[in-house]
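Colleague: Supplied in structure tokens, the structure appears directly below.
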Amino acid sequence: MQKTGLFIFVFFAAAAAAIALKLGAGFLLMELAGNIKKDNAWIRELYCAKETIAEDPKFDERKIVVVSGSNGLFGIDATELEKQTSLPVQNWAMHGGYSFDYLMGKAESHIKKSDVVLLPLEFEYYYNRDSFYSHMASNVLLWDKPYFFSLGLFDKAVMLFTANRLFFSRSISAIINPKKYLLDSDQEIKRKFTQQEDPQKADKAQYSYRLLKKDGTYKVPRECDFLGDNAYFATLGNPDKDCIKNIAAWKQRLEKRGARVVLTYPAIMLNKDFNPDSEREIAALNRLKAALKEEGLKLEFDIHRSCFDRKYFSDSYYHLNEEGQLLRSRLLGEDLAKLLSEKKK
């Protein structure tokens with residue numbers, strides 16, 4: 001009996017020591033390493049460029065603020081959306097692998113009274129709890145340290161514990177050879193973006209602030225390897241209540257400052273695994289709508305106007321190509337303009 005108790009004590013002591021070692025090593029690397037070039041570091045660069053765009057005085061007036069994953073980054077033509085709605089557009093959409101809180105946190109300081117916050121969220125945001133996924137944690141620890149240090153103690157610990165070996169190996173490499181691994185400073189990225197001309201073409205699949213136009217529209221690459229079909233929400237199970245409550249909480253928070261929040265559909269590809277008129281998709285969509293309704297949320301507009309043929313997509317089932325980007329922005333702008341006009345009456 002004593003041996004069993006000793007074994008249990010040693011086991012838990014060793015586990016606690018391993019956890020403490022990982023957290024301590026992670027925090028030390030955070031302090032020693034700078035912002036590191038790796039994987040999704042282009043997201044940091046894009047945010048810097050978008051901060052530069054947001055300094056335009058026209059955004060001091062009422063505007064549209066787009067927040068979502070990459071379907072909004074690749075699928076919104078800011079000039080076309082502005083043309084349809086007569087409102088300037090700030091596009092803060094970025095990457096669906098990052099939590100809703102992270103995406104909203106980047107845009108929140110730019111949202112003011114009377115603004116329209118447009119959320120064409122990928123369906124996963126209604127089904128997967130916001131958490132520090134290993135991918136997000138490892139990337140944010142590498143190139144968004146201000147975000148990490150803004151978190152509470154518990155969330156810091158969760159993020160460090162969730163980080164995979166990519167973070168540790170790259171941090172050590174950056175400490176040894178900073179010239180090779182460190183990113184440009186925010187100021188340097190903003191300077192380069194300000195001085196560059198709008199991109200005229202993007203023939204290869206690449207992600208960079210160099211492909212961002214001055215109006216915030218992303219120049220979508222033409223030559224891409226397509227990633228395949230997708231069933232979207234129909235195979236994701238039941239909507240997650242906590243996830244939807246979190247979106248509702250953000251909506252209430254923004255409405256308190258006088259903004260208007262509009263949830264709508266992401267860009268959807270019609271494919272062999274997805275048909276919005278099939279019994280399976282209709283039933284799944286009704287479940288999602290019912291879950292949203294419980295929290296006072298609603299998906300605006302007709303889902304069919306967010307569904308497009310494969311020819312309008314680039315390298316994934318959420319990424320429209322340039323032609324699709326323009327078409328989707330026109331249809332979305334028409335619907336949004338109508339909705340906003342109805343509210344005025």
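By order in the structure tokens, chains are A, B, ...; within a chain, residues start at 1; ligands start at 1, following the order shown.
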Report as a Markdown table the residues of range 180-258 of chain A within 10 Å of range 85-100 of chain A, each with its shortest atom pair and distance in Å (one decimal), using only C-alpha atoms, ordered by chain and increasing residue number.

Modeller:
```
| residue | atom | partner | partner_atom | distance |
| --- | --- | --- | --- | --- |
| A:Asp215 | CA | A:Val89 | CA | 8.0 |
| A:Gly216 | CA | A:Asn91 | CA | 6.1 |
| A:Thr217 | CA | A:Asn91 | CA | 7.7 |
| A:Tyr218 | CA | A:Asn91 | CA | 9.6 |
| A:Cys243 | CA | A:Phe100 | CA | 8.9 |
| A:Asn246 | CA | A:Phe100 | CA | 8.6 |
| A:Ile247 | CA | A:Phe100 | CA | 7.8 |
| A:Trp250 | CA | A:Phe100 | CA | 9.6 |
```

Colleague: Taking the backbone alone, and naming residues the way the document does, which bits of range 53-242 of chain A are alpha helix (DSSP H) by DSSP, as an NGL selection string?

Modeller: :A and (53-54 or 70-75 or 78-85 or 100-107 or 124-127 or 134-143 or 145-150 or 153-162 or 165-176 or 178-181 or 186-195 or 241-242)

Colleague: Could those residues be written to a file, using C-alpha atoms, as a PDB file, in the first residue's frame?

Modeller:
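What landed in again-v4.pdb:
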```pdb
ATOM      1  CA  ILE A  53      -5.089  51.626 -44.049  1.00  0.00           C
ATOM      2  CA  ALA A  54      -7.242  52.330 -40.982  1.00  0.00           C
ATOM      3  CA  SER A  70      -9.983  34.004 -44.635  1.00  0.00           C
ATOM      4  CA  ASN A  71     -13.232  33.747 -46.601  1.00  0.00           C
ATOM      5  CA  GLY A  72     -13.588  37.452 -45.828  1.00  0.00           C
ATOM      6  CA  LEU A  73      -9.923  38.223 -46.456  1.00  0.00           C
ATOM      7  CA  PHE A  74      -9.984  36.700 -49.934  1.00  0.00           C
ATOM      8  CA  GLY A  75     -13.665  37.204 -50.704  1.00  0.00           C
ATOM      9  CA  ALA A  78     -13.684  46.745 -50.497  1.00  0.00           C
ATOM     10  CA  THR A  79     -14.237  49.145 -53.379  1.00  0.00           C
ATOM     11  CA  GLU A  80     -17.186  47.151 -54.742  1.00  0.00           C
ATOM     12  CA  LEU A  81     -18.770  46.776 -51.299  1.00  0.00           C
ATOM     13  CA  GLU A  82     -18.390  50.503 -50.734  1.00  0.00           C
ATOM     14  CA  LYS A  83     -19.920  51.182 -54.150  1.00  0.00           C
ATOM     15  CA  GLN A  84     -23.031  49.170 -53.257  1.00  0.00           C
ATOM     16  CA  THR A  85     -23.498  50.536 -49.730  1.00  0.00           C
ATOM     17  CA  PHE A 100     -13.155  34.551 -32.671  1.00  0.00           C
ATOM     18  CA  ASP A 101     -11.887  36.510 -29.666  1.00  0.00           C
ATOM     19  CA  TYR A 102      -8.512  36.943 -31.348  1.00  0.00           C
ATOM     20  CA  LEU A 103     -10.064  38.217 -34.599  1.00  0.00           C
ATOM     21  CA  MET A 104     -12.452  40.563 -32.807  1.00  0.00           C
ATOM     22  CA  GLY A 105      -9.700  41.798 -30.524  1.00  0.00           C
ATOM     23  CA  LYS A 106      -7.727  43.020 -33.528  1.00  0.00           C
ATOM     24  CA  ALA A 107     -10.678  44.961 -34.936  1.00  0.00           C
ATOM     25  CA  GLU A 124     -16.673  26.345 -37.780  1.00  0.00           C
ATOM     26  CA  TYR A 125     -17.005  29.382 -35.514  1.00  0.00           C
ATOM     27  CA  TYR A 126     -20.509  28.219 -34.566  1.00  0.00           C
ATOM     28  CA  TYR A 127     -19.454  24.642 -33.876  1.00  0.00           C
ATOM     29  CA  SER A 134      -1.945  24.127 -30.964  1.00  0.00           C
ATOM     30  CA  HIS A 135      -1.594  25.824 -34.365  1.00  0.00           C
ATOM     31  CA  MET A 136      -2.817  29.191 -33.121  1.00  0.00           C
ATOM     32  CA  ALA A 137      -0.856  29.025 -29.883  1.00  0.00           C
ATOM     33  CA  SER A 138       2.431  28.175 -31.548  1.00  0.00           C
ATOM     34  CA  ASN A 139       2.046  30.896 -34.159  1.00  0.00           C
ATOM     35  CA  VAL A 140       0.913  33.652 -31.816  1.00  0.00           C
ATOM     36  CA  LEU A 141       3.794  32.864 -29.460  1.00  0.00           C
ATOM     37  CA  LEU A 142       6.193  33.216 -32.389  1.00  0.00           C
ATOM     38  CA  TRP A 143       5.036  36.529 -33.841  1.00  0.00           C
ATOM     39  CA  LYS A 145       3.908  38.557 -28.272  1.00  0.00           C
ATOM     40  CA  PRO A 146       1.876  41.690 -27.371  1.00  0.00           C
ATOM     41  CA  TYR A 147      -1.268  39.542 -27.619  1.00  0.00           C
ATOM     42  CA  PHE A 148       0.255  36.894 -25.364  1.00  0.00           C
ATOM     43  CA  PHE A 149       1.256  39.429 -22.709  1.00  0.00           C
ATOM     44  CA  SER A 150      -2.244  40.935 -22.803  1.00  0.00           C
ATOM     45  CA  LEU A 153      -2.127  34.371 -16.129  1.00  0.00           C
ATOM     46  CA  PHE A 154      -4.284  31.280 -16.681  1.00  0.00           C
ATOM     47  CA  ASP A 155      -4.664  31.919 -20.425  1.00  0.00           C
ATOM     48  CA  LYS A 156      -0.924  32.500 -20.733  1.00  0.00           C
ATOM     49  CA  ALA A 157      -0.319  29.113 -19.106  1.00  0.00           C
ATOM     50  CA  VAL A 158      -2.840  27.410 -21.405  1.00  0.00           C
ATOM     51  CA  MET A 159      -1.240  28.927 -24.491  1.00  0.00           C
ATOM     52  CA  LEU A 160       2.285  27.945 -23.466  1.00  0.00           C
ATOM     53  CA  PHE A 161       1.176  24.426 -22.580  1.00  0.00           C
ATOM     54  CA  THR A 162      -0.714  24.066 -25.874  1.00  0.00           C
ATOM     55  CA  ARG A 165       7.499  21.894 -30.753  1.00  0.00           C
ATOM     56  CA  LEU A 166       7.498  24.393 -33.658  1.00  0.00           C
ATOM     57  CA  PHE A 167       7.465  27.261 -31.154  1.00  0.00           C
ATOM     58  CA  PHE A 168      10.342  25.873 -29.112  1.00  0.00           C
ATOM     59  CA  SER A 169      12.573  24.931 -32.050  1.00  0.00           C
ATOM     60  CA  ARG A 170      12.045  28.212 -33.910  1.00  0.00           C
ATOM     61  CA  SER A 171      12.548  30.329 -30.783  1.00  0.00           C
ATOM     62  CA  ILE A 172      15.888  28.694 -30.091  1.00  0.00           C
ATOM     63  CA  SER A 173      16.906  29.160 -33.754  1.00  0.00           C
ATOM     64  CA  ALA A 174      15.957  32.854 -33.620  1.00  0.00           C
ATOM     65  CA  ILE A 175      18.023  33.413 -30.477  1.00  0.00           C
ATOM     66  CA  ILE A 176      21.048  31.788 -32.151  1.00  0.00           C
ATOM     67  CA  PRO A 178      18.276  36.508 -35.237  1.00  0.00           C
ATOM     68  CA  LYS A 179      19.129  37.986 -38.673  1.00  0.00           C
ATOM     69  CA  LYS A 180      17.786  34.891 -40.399  1.00  0.00           C
ATOM     70  CA  TYR A 181      14.651  34.344 -38.370  1.00  0.00           C
ATOM     71  CA  ASP A 186       5.838  46.891 -37.312  1.00  0.00           C
ATOM     72  CA  GLN A 187       7.125  50.316 -38.324  1.00  0.00           C
ATOM     73  CA  GLU A 188       9.220  48.834 -41.133  1.00  0.00           C
ATOM     74  CA  ILE A 189       6.291  46.811 -42.476  1.00  0.00           C
ATOM     75  CA  LYS A 190       4.053  49.880 -42.415  1.00  0.00           C
ATOM     76  CA  ARG A 191       6.724  51.917 -44.198  1.00  0.00           C
ATOM     77  CA  LYS A 192       7.123  49.327 -46.946  1.00  0.00           C
ATOM     78  CA  PHE A 193       3.368  48.987 -47.381  1.00  0.00           C
ATOM     79  CA  THR A 194       2.892  52.761 -47.603  1.00  0.00           C
ATOM     80  CA  GLN A 195       5.554  53.036 -50.288  1.00  0.00           C
ATOM     81  CA  LYS A 241     -23.805  26.713 -27.248  1.00  0.00           C
ATOM     82  CA  ASP A 242     -20.762  28.277 -25.605  1.00  0.00           C
TER      83      ASP A 242
END
```

Colleague: If we count only C-alpha atoms, what is near Tyr265 in chain A at a cut-off of 8 Å, once residues fewer than 3 positions away on the same chain are taken out, given as a list in words?

Modeller: Pro120, Leu121, Glu122, Ile268, Leu299, Glu300, Phe301, Ile303 and Ser306 of chain A

Colleague: Just list as a PyMOL selection string whatever in range 129-325 of chain A DSSP marks as strand (DSSP E or B).

Modeller: chain A and resi 182+204+212+218+223+260-264+268-269+271+274+299-300+307-308+313-316+319-320

Colleague: Find the distance between CA of Leu151 in chain A and CA of Tyr207 in chain A and write it in Å to one decimal.

Modeller: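 Answer for the CA of Leu151 in chain A to CA of Tyr207 in chain A separation: 27.4 Å.
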
Colleague: Please determine, counting only C-alpha atoms, which residue among A:Ala248, A:Cys48, A:Ala337, A:Leu263 has the shortest atom-to-atom distance to Tyr209 in chain A.

Modeller: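 Closest to Tyr209 in chain A of all the choices is A:Cys48.
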
Colleague: Nearest to Val262 in chain A among A:Leu288, A:Leu211, A:Val117, A:Val65, with distances taken over only C-alpha atoms: which residue is it?

Modeller: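 Among the listed residues, the smallest separation from Val262 in chain A belongs to A:Val117.
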